[in-house]
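As stored in target_15.cif (mmCIF, N, CA and C atoms):
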data_final
loop_
_atom_site.label_atom_id
_atom_site.label_comp_id
_atom_site.auth_asym_id
_atom_site.auth_seq_id
_atom_site.Cartn_x
_atom_site.Cartn_y
_atom_site.Cartn_z
N MET P 944 0.85 -1.17 0.00
CA MET P 944 0.00 0.00 0.00
C MET P 944 0.90 1.24 0.00
N SER P 945 0.65 2.18 -0.88
CA SER P 945 1.48 3.38 -0.96
C SER P 945 0.87 4.50 -0.12
N LYS P 946 1.74 5.34 0.38
CA LYS P 946 1.30 6.46 1.21
C LYS P 946 0.82 7.59 0.31
N ILE P 947 -0.33 8.18 0.63
CA ILE P 947 -0.87 9.30 -0.15
C ILE P 947 -0.23 10.58 0.35
N THR P 948 0.32 11.34 -0.56
CA THR P 948 0.96 12.60 -0.21
C THR P 948 0.04 13.74 -0.58
N ARG P 949 -0.26 14.60 0.38
CA ARG P 949 -1.07 15.78 0.11
C ARG P 949 -0.15 16.96 -0.06
N HIS P 950 -0.44 17.78 -1.04
CA HIS P 950 0.33 18.99 -1.25
C HIS P 950 -0.11 20.01 -0.21
N ARG P 951 0.84 20.63 0.44
CA ARG P 951 0.51 21.60 1.47
C ARG P 951 0.81 22.99 0.97
N LEU P 952 -0.16 23.87 1.14
CA LEU P 952 0.02 25.27 0.80
C LEU P 952 0.14 26.05 2.11
N PRO P 953 0.73 27.23 2.07
CA PRO P 953 0.92 27.98 3.32
C PRO P 953 -0.40 28.34 3.99
N THR P 954 -0.38 28.32 5.32
CA THR P 954 -1.55 28.74 6.09
C THR P 954 -1.67 30.25 6.00
N VAL P 955 -2.86 30.72 5.72
CA VAL P 955 -3.12 32.15 5.63
C VAL P 955 -4.31 32.46 6.53
N HIS P 956 -4.19 33.54 7.28
CA HIS P 956 -5.29 33.97 8.14
C HIS P 956 -6.12 35.02 7.43
N CYS P 957 -7.41 35.03 7.73
CA CYS P 957 -8.32 36.01 7.16
C CYS P 957 -7.87 37.41 7.56
N PRO P 958 -7.77 38.32 6.60
CA PRO P 958 -7.32 39.68 6.95
C PRO P 958 -8.36 40.45 7.78
N HIS P 959 -9.59 39.96 7.85
CA HIS P 959 -10.64 40.66 8.58
C HIS P 959 -10.78 40.16 10.02
N CYS P 960 -10.98 38.84 10.19
CA CYS P 960 -11.22 38.32 11.54
C CYS P 960 -10.04 37.52 12.09
N ARG P 961 -9.01 37.29 11.30
CA ARG P 961 -7.78 36.57 11.66
C ARG P 961 -7.99 35.07 11.90
N ALA P 962 -9.15 34.54 11.52
CA ALA P 962 -9.36 33.09 11.60
C ALA P 962 -8.56 32.44 10.48
N ARG P 963 -8.33 31.15 10.61
CA ARG P 963 -7.59 30.41 9.59
C ARG P 963 -8.44 30.32 8.33
N SER P 964 -7.80 30.51 7.18
CA SER P 964 -8.50 30.41 5.90
C SER P 964 -8.18 29.07 5.26
N MET P 965 -9.14 28.55 4.54
CA MET P 965 -9.00 27.24 3.90
C MET P 965 -8.82 27.41 2.40
N VAL P 966 -7.92 26.61 1.83
CA VAL P 966 -7.70 26.64 0.38
C VAL P 966 -8.87 25.96 -0.30
N ARG P 967 -9.45 26.61 -1.29
CA ARG P 967 -10.53 26.02 -2.07
C ARG P 967 -10.00 25.47 -3.38
N THR P 968 -9.23 26.27 -4.09
CA THR P 968 -8.60 25.82 -5.33
C THR P 968 -7.28 26.55 -5.49
N SER P 969 -6.45 26.01 -6.36
CA SER P 969 -5.22 26.72 -6.73
C SER P 969 -4.92 26.40 -8.19
N GLU P 970 -4.28 27.35 -8.82
CA GLU P 970 -3.98 27.20 -10.25
C GLU P 970 -2.59 27.74 -10.53
N GLU P 971 -1.81 26.99 -11.27
CA GLU P 971 -0.48 27.46 -11.68
C GLU P 971 -0.65 28.43 -12.84
N LEU P 972 -0.20 29.67 -12.64
CA LEU P 972 -0.29 30.68 -13.70
C LEU P 972 0.96 30.67 -14.58
N THR P 973 2.12 30.52 -13.94
CA THR P 973 3.39 30.42 -14.67
C THR P 973 4.26 29.42 -13.92
N ASN P 974 5.49 29.22 -14.38
CA ASN P 974 6.40 28.31 -13.68
C ASN P 974 6.76 28.82 -12.29
N THR P 975 6.56 30.11 -12.04
CA THR P 975 6.95 30.68 -10.75
C THR P 975 5.80 31.34 -9.97
N VAL P 976 4.57 31.28 -10.49
CA VAL P 976 3.44 31.92 -9.82
C VAL P 976 2.24 30.98 -9.76
N ARG P 977 1.65 30.90 -8.56
CA ARG P 977 0.43 30.11 -8.35
C ARG P 977 -0.61 31.01 -7.72
N GLU P 978 -1.84 30.94 -8.23
CA GLU P 978 -2.96 31.68 -7.66
C GLU P 978 -3.75 30.74 -6.77
N ILE P 979 -4.05 31.19 -5.54
CA ILE P 979 -4.71 30.34 -4.55
C ILE P 979 -5.99 31.04 -4.08
N ARG P 980 -7.10 30.33 -4.12
CA ARG P 980 -8.39 30.87 -3.66
C ARG P 980 -8.65 30.34 -2.25
N TYR P 981 -8.91 31.27 -1.32
CA TYR P 981 -9.14 30.94 0.08
C TYR P 981 -10.54 31.35 0.51
N THR P 982 -11.06 30.68 1.55
CA THR P 982 -12.30 31.07 2.21
C THR P 982 -12.04 31.02 3.70
N CYS P 983 -12.50 32.06 4.41
CA CYS P 983 -12.34 32.12 5.85
C CYS P 983 -13.10 30.98 6.52
N SER P 984 -12.50 30.37 7.52
CA SER P 984 -13.15 29.26 8.23
C SER P 984 -14.18 29.73 9.25
N ASN P 985 -14.18 31.03 9.56
CA ASN P 985 -15.16 31.59 10.49
C ASN P 985 -16.47 31.79 9.73
N GLU P 986 -17.48 31.01 10.08
CA GLU P 986 -18.77 31.06 9.35
C GLU P 986 -19.43 32.43 9.44
N GLU P 987 -19.19 33.17 10.50
CA GLU P 987 -19.77 34.50 10.62
C GLU P 987 -19.10 35.50 9.68
N CYS P 988 -17.82 35.26 9.37
CA CYS P 988 -17.08 36.16 8.47
C CYS P 988 -17.27 35.72 7.02
N ASN P 989 -16.89 34.45 6.74
CA ASN P 989 -17.06 33.82 5.42
C ASN P 989 -16.43 34.60 4.26
N PHE P 990 -15.36 35.35 4.54
CA PHE P 990 -14.67 36.12 3.52
C PHE P 990 -13.96 35.18 2.55
N SER P 991 -14.04 35.46 1.25
CA SER P 991 -13.31 34.70 0.23
C SER P 991 -12.36 35.64 -0.48
N PHE P 992 -11.18 35.14 -0.80
CA PHE P 992 -10.17 35.99 -1.44
C PHE P 992 -9.19 35.16 -2.25
N VAL P 993 -8.41 35.87 -3.06
CA VAL P 993 -7.40 35.25 -3.91
C VAL P 993 -6.04 35.76 -3.47
N ALA P 994 -5.07 34.85 -3.36
CA ALA P 994 -3.70 35.20 -3.03
C ALA P 994 -2.79 34.62 -4.10
N GLN P 995 -1.59 35.16 -4.21
CA GLN P 995 -0.62 34.61 -5.15
C GLN P 995 0.62 34.17 -4.39
N LEU P 996 1.12 33.03 -4.77
CA LEU P 996 2.37 32.51 -4.25
C LEU P 996 3.36 32.60 -5.39
N SER P 997 4.47 33.31 -5.16
CA SER P 997 5.44 33.44 -6.25
C SER P 997 6.84 33.10 -5.76
N ILE P 998 7.60 32.50 -6.62
CA ILE P 998 9.00 32.20 -6.37
C ILE P 998 9.77 33.44 -6.81
N VAL P 999 10.55 34.04 -5.89
CA VAL P 999 11.15 35.33 -6.18
C VAL P 999 12.67 35.31 -6.37
N ARG P 1000 13.37 34.34 -5.79
CA ARG P 1000 14.82 34.27 -5.98
C ARG P 1000 15.34 32.87 -5.69
N THR P 1001 16.56 32.62 -6.12
CA THR P 1001 17.20 31.32 -5.97
C THR P 1001 18.09 31.31 -4.74
N ILE P 1002 17.96 30.27 -3.92
CA ILE P 1002 18.85 30.10 -2.78
C ILE P 1002 19.98 29.15 -3.18
N ARG P 1003 19.63 28.03 -3.80
CA ARG P 1003 20.61 27.07 -4.29
C ARG P 1003 20.20 26.70 -5.71
N PRO P 1004 21.03 26.97 -6.70
CA PRO P 1004 20.68 26.68 -8.09
C PRO P 1004 20.43 25.19 -8.33
N SER P 1005 19.55 24.90 -9.26
CA SER P 1005 19.23 23.52 -9.62
C SER P 1005 20.32 22.95 -10.50
N PRO P 1006 20.65 21.66 -10.33
CA PRO P 1006 21.60 21.03 -11.24
C PRO P 1006 20.97 20.77 -12.61
N LYS P 1007 19.63 20.89 -12.69
CA LYS P 1007 18.91 20.69 -13.95
C LYS P 1007 18.01 21.89 -14.21
N PRO P 1008 18.57 23.08 -14.46
CA PRO P 1008 17.74 24.28 -14.59
C PRO P 1008 16.85 24.27 -15.82
N ASN P 1009 15.68 24.89 -15.67
CA ASN P 1009 14.76 25.08 -16.77
C ASN P 1009 15.21 26.35 -17.50
N PRO P 1010 15.51 26.29 -18.79
CA PRO P 1010 16.01 27.47 -19.51
C PRO P 1010 14.98 28.60 -19.59
N ASP P 1011 13.70 28.31 -19.33
CA ASP P 1011 12.67 29.35 -19.37
C ASP P 1011 12.51 30.09 -18.04
N VAL P 1012 13.17 29.61 -16.99
CA VAL P 1012 13.04 30.22 -15.67
C VAL P 1012 14.27 31.07 -15.37
N HIS P 1013 14.05 32.35 -15.09
CA HIS P 1013 15.14 33.28 -14.80
C HIS P 1013 14.86 33.94 -13.45
N LEU P 1014 15.60 33.53 -12.43
CA LEU P 1014 15.43 34.07 -11.09
C LEU P 1014 16.76 34.60 -10.58
N PRO P 1015 16.75 35.72 -9.86
CA PRO P 1015 18.01 36.23 -9.32
C PRO P 1015 18.54 35.29 -8.24
N ILE P 1016 19.86 35.30 -8.08
CA ILE P 1016 20.50 34.52 -7.02
C ILE P 1016 20.35 35.32 -5.73
N SER P 1017 20.02 34.64 -4.66
CA SER P 1017 19.79 35.29 -3.38
C SER P 1017 21.07 35.92 -2.85
N ASN P 1018 20.93 37.09 -2.28
CA ASN P 1018 22.03 37.77 -1.62
C ASN P 1018 22.07 37.26 -0.19
N SER P 1019 23.20 36.73 0.25
CA SER P 1019 23.27 36.11 1.58
C SER P 1019 22.96 37.11 2.69
N GLU P 1020 23.28 38.40 2.51
CA GLU P 1020 22.98 39.40 3.53
C GLU P 1020 21.47 39.58 3.65
N ARG P 1021 20.76 39.41 2.55
CA ARG P 1021 19.31 39.57 2.54
C ARG P 1021 18.63 38.46 3.33
N CYS P 1022 19.21 37.28 3.28
CA CYS P 1022 18.62 36.12 3.93
C CYS P 1022 19.03 36.00 5.39
N GLY P 1023 19.93 36.85 5.85
CA GLY P 1023 20.40 36.78 7.22
C GLY P 1023 21.59 35.83 7.33
N PRO P 1024 22.09 35.66 8.53
CA PRO P 1024 23.26 34.80 8.70
C PRO P 1024 22.93 33.35 8.39
N LYS P 1025 23.94 32.65 7.88
CA LYS P 1025 23.75 31.24 7.59
C LYS P 1025 23.63 30.47 8.90
N PRO P 1026 22.73 29.49 8.94
CA PRO P 1026 22.60 28.71 10.18
C PRO P 1026 23.85 27.89 10.41
N ARG P 1027 24.21 27.75 11.68
CA ARG P 1027 25.37 26.94 12.03
C ARG P 1027 24.91 25.53 12.35
N HIS P 1028 25.73 24.57 11.99
CA HIS P 1028 25.41 23.18 12.31
C HIS P 1028 25.59 22.97 13.81
N ALA P 1029 24.88 22.02 14.35
CA ALA P 1029 24.91 21.77 15.78
C ALA P 1029 26.31 21.44 16.28
N ASN P 1030 27.15 20.84 15.45
CA ASN P 1030 28.48 20.45 15.90
C ASN P 1030 29.54 21.50 15.57
N ASP P 1031 29.15 22.73 15.22
CA ASP P 1031 30.11 23.78 14.92
C ASP P 1031 30.70 24.42 16.17
N ASP P 1032 30.02 24.32 17.30
CA ASP P 1032 30.55 24.88 18.54
C ASP P 1032 31.69 24.00 19.01
N VAL P 1033 32.71 24.62 19.56
CA VAL P 1033 33.85 23.85 20.06
C VAL P 1033 33.94 24.10 21.57
N PRO P 1034 33.14 23.38 22.35
CA PRO P 1034 33.19 23.59 23.79
C PRO P 1034 34.46 22.99 24.39
N THR P 1035 34.89 23.55 25.50
CA THR P 1035 36.05 23.00 26.19
C THR P 1035 35.62 21.72 26.87
N PRO P 1036 36.32 20.62 26.62
CA PRO P 1036 35.95 19.36 27.26
C PRO P 1036 36.01 19.50 28.78
N ALA P 1037 35.16 18.79 29.48
CA ALA P 1037 35.06 18.89 30.94
C ALA P 1037 36.37 18.55 31.63
N ASN P 1038 37.15 17.63 31.09
CA ASN P 1038 38.39 17.24 31.74
C ASN P 1038 39.56 18.18 31.41
N ASP P 1039 39.34 19.20 30.60
CA ASP P 1039 40.39 20.15 30.26
C ASP P 1039 40.19 21.50 30.95
N VAL P 1040 39.26 21.57 31.88
CA VAL P 1040 39.01 22.82 32.59
C VAL P 1040 40.21 23.11 33.47
N GLU P 1041 40.65 24.36 33.47
CA GLU P 1041 41.80 24.73 34.28
C GLU P 1041 41.45 24.59 35.75
N VAL P 1042 42.30 23.91 36.49
CA VAL P 1042 42.05 23.69 37.90
C VAL P 1042 42.82 24.74 38.69
N THR P 1043 42.15 25.39 39.61
CA THR P 1043 42.79 26.38 40.47
C THR P 1043 43.31 25.66 41.70
N PRO P 1044 44.61 25.82 41.97
CA PRO P 1044 45.15 25.12 43.15
C PRO P 1044 44.54 25.69 44.42
N PRO P 1045 44.42 24.87 45.46
CA PRO P 1045 43.82 25.36 46.71
C PRO P 1045 44.69 26.45 47.32
N ALA P 1046 44.06 27.39 47.96
CA ALA P 1046 44.78 28.48 48.61
C ALA P 1046 45.63 27.91 49.75
N ALA P 1047 46.79 28.52 49.97
CA ALA P 1047 47.67 28.05 51.05
C ALA P 1047 47.00 28.28 52.37
N GLU P 1048 47.17 27.30 53.27
CA GLU P 1048 46.56 27.43 54.57
C GLU P 1048 47.34 28.44 55.40
N ILE P 1049 46.64 29.25 56.11
CA ILE P 1049 47.28 30.24 56.98
C ILE P 1049 47.21 29.71 58.39
N THR P 1050 48.34 29.58 58.99
CA THR P 1050 48.36 29.10 60.38
C THR P 1050 48.56 30.29 61.31
N MET P 1051 47.86 30.27 62.34
CA MET P 1051 47.99 31.33 63.32
C MET P 1051 48.70 30.77 64.54
N SER P 1052 49.73 31.45 64.88
CA SER P 1052 50.43 31.00 66.08
C SER P 1052 50.09 31.95 67.22
N GLY P 1053 50.03 31.44 68.35
CA GLY P 1053 49.57 32.31 69.38
C GLY P 1053 50.17 32.21 70.63
#
Spit out the file's structure as structure tokens when you get a sec.
Amino acid sequence: MSKITRHRLPTVHCPHCRARSMVRTSEELTNTVREIRYTCSNEECNFSFVAQLSIVRTIRPSPKPNPDVHLPISNSERCGPKPRHANDDVPTPANDVEVTPPAAEITMSG
């Protein structure tokens, strides 16, 4: 038995009542633009609207590019700092912590 994969579109809230909106239909307009029809899930509001999802720039180029698609390469400063991998930190190992020698005992003679 094969697993059914559902295409997921971004969650959008109604601009009027802020309830979650449900996708009714979507249509590909171009290779980089999709038109999505939404309806508000709040029955009292019931607002319907159209949104567009567009691909605006390239983060990592495809090894098999479509010659009809022309997108700018992303500027790394625009996207913010690159995420660091979890193992990029170099913590000091617990057994390499500098040990402070005990203070000299002071004897009082009397």
What does the PyMOL selection byres (((chain P and resi 1016 and name CA) around 8) and name CA) select in this file, as a list of chain:residue names?
->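 Evaluating the PyMOL selection byres (((chain P and resi 1016 and name CA) around 8) and name CA) on this file yields P:Arg1000, P:Thr1001, P:Ile1002, P:Arg1003, P:Pro1004, P:Leu1014, P:Pro1015, P:Ser1017, P:Asn1018.
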Take the PyMOL selection byres ((chain P and resi 954) around 8), apply it to the structure above, and return the hits as a list in words.
-> Arg951, Leu952, Pro953, Val955, His956, Cys957, Arg963, Ser964, Met965 and Val966 of chain P
Name the residues that the PyMOL selection byres (((chain P and resi 996 and name CA) around 12) and name CA) picks from the file above, as a ChimeraX atom specification, using the file's chain letters and numbers.
-> /P:952-955,969-980,993-995,997-999
Put a box with edges along x, y and z around all the listed atoms of stretch 972-984 of chain P, pad it by 6 Å on each side, then give me its centre and sizes in Å, one decimal, as AutoDock Vina command-line options.
--center_x -3.6 --center_y 30.2 --center_z -2.7 --size_x 33.1 --size_y 15.8 --size_z 35.9
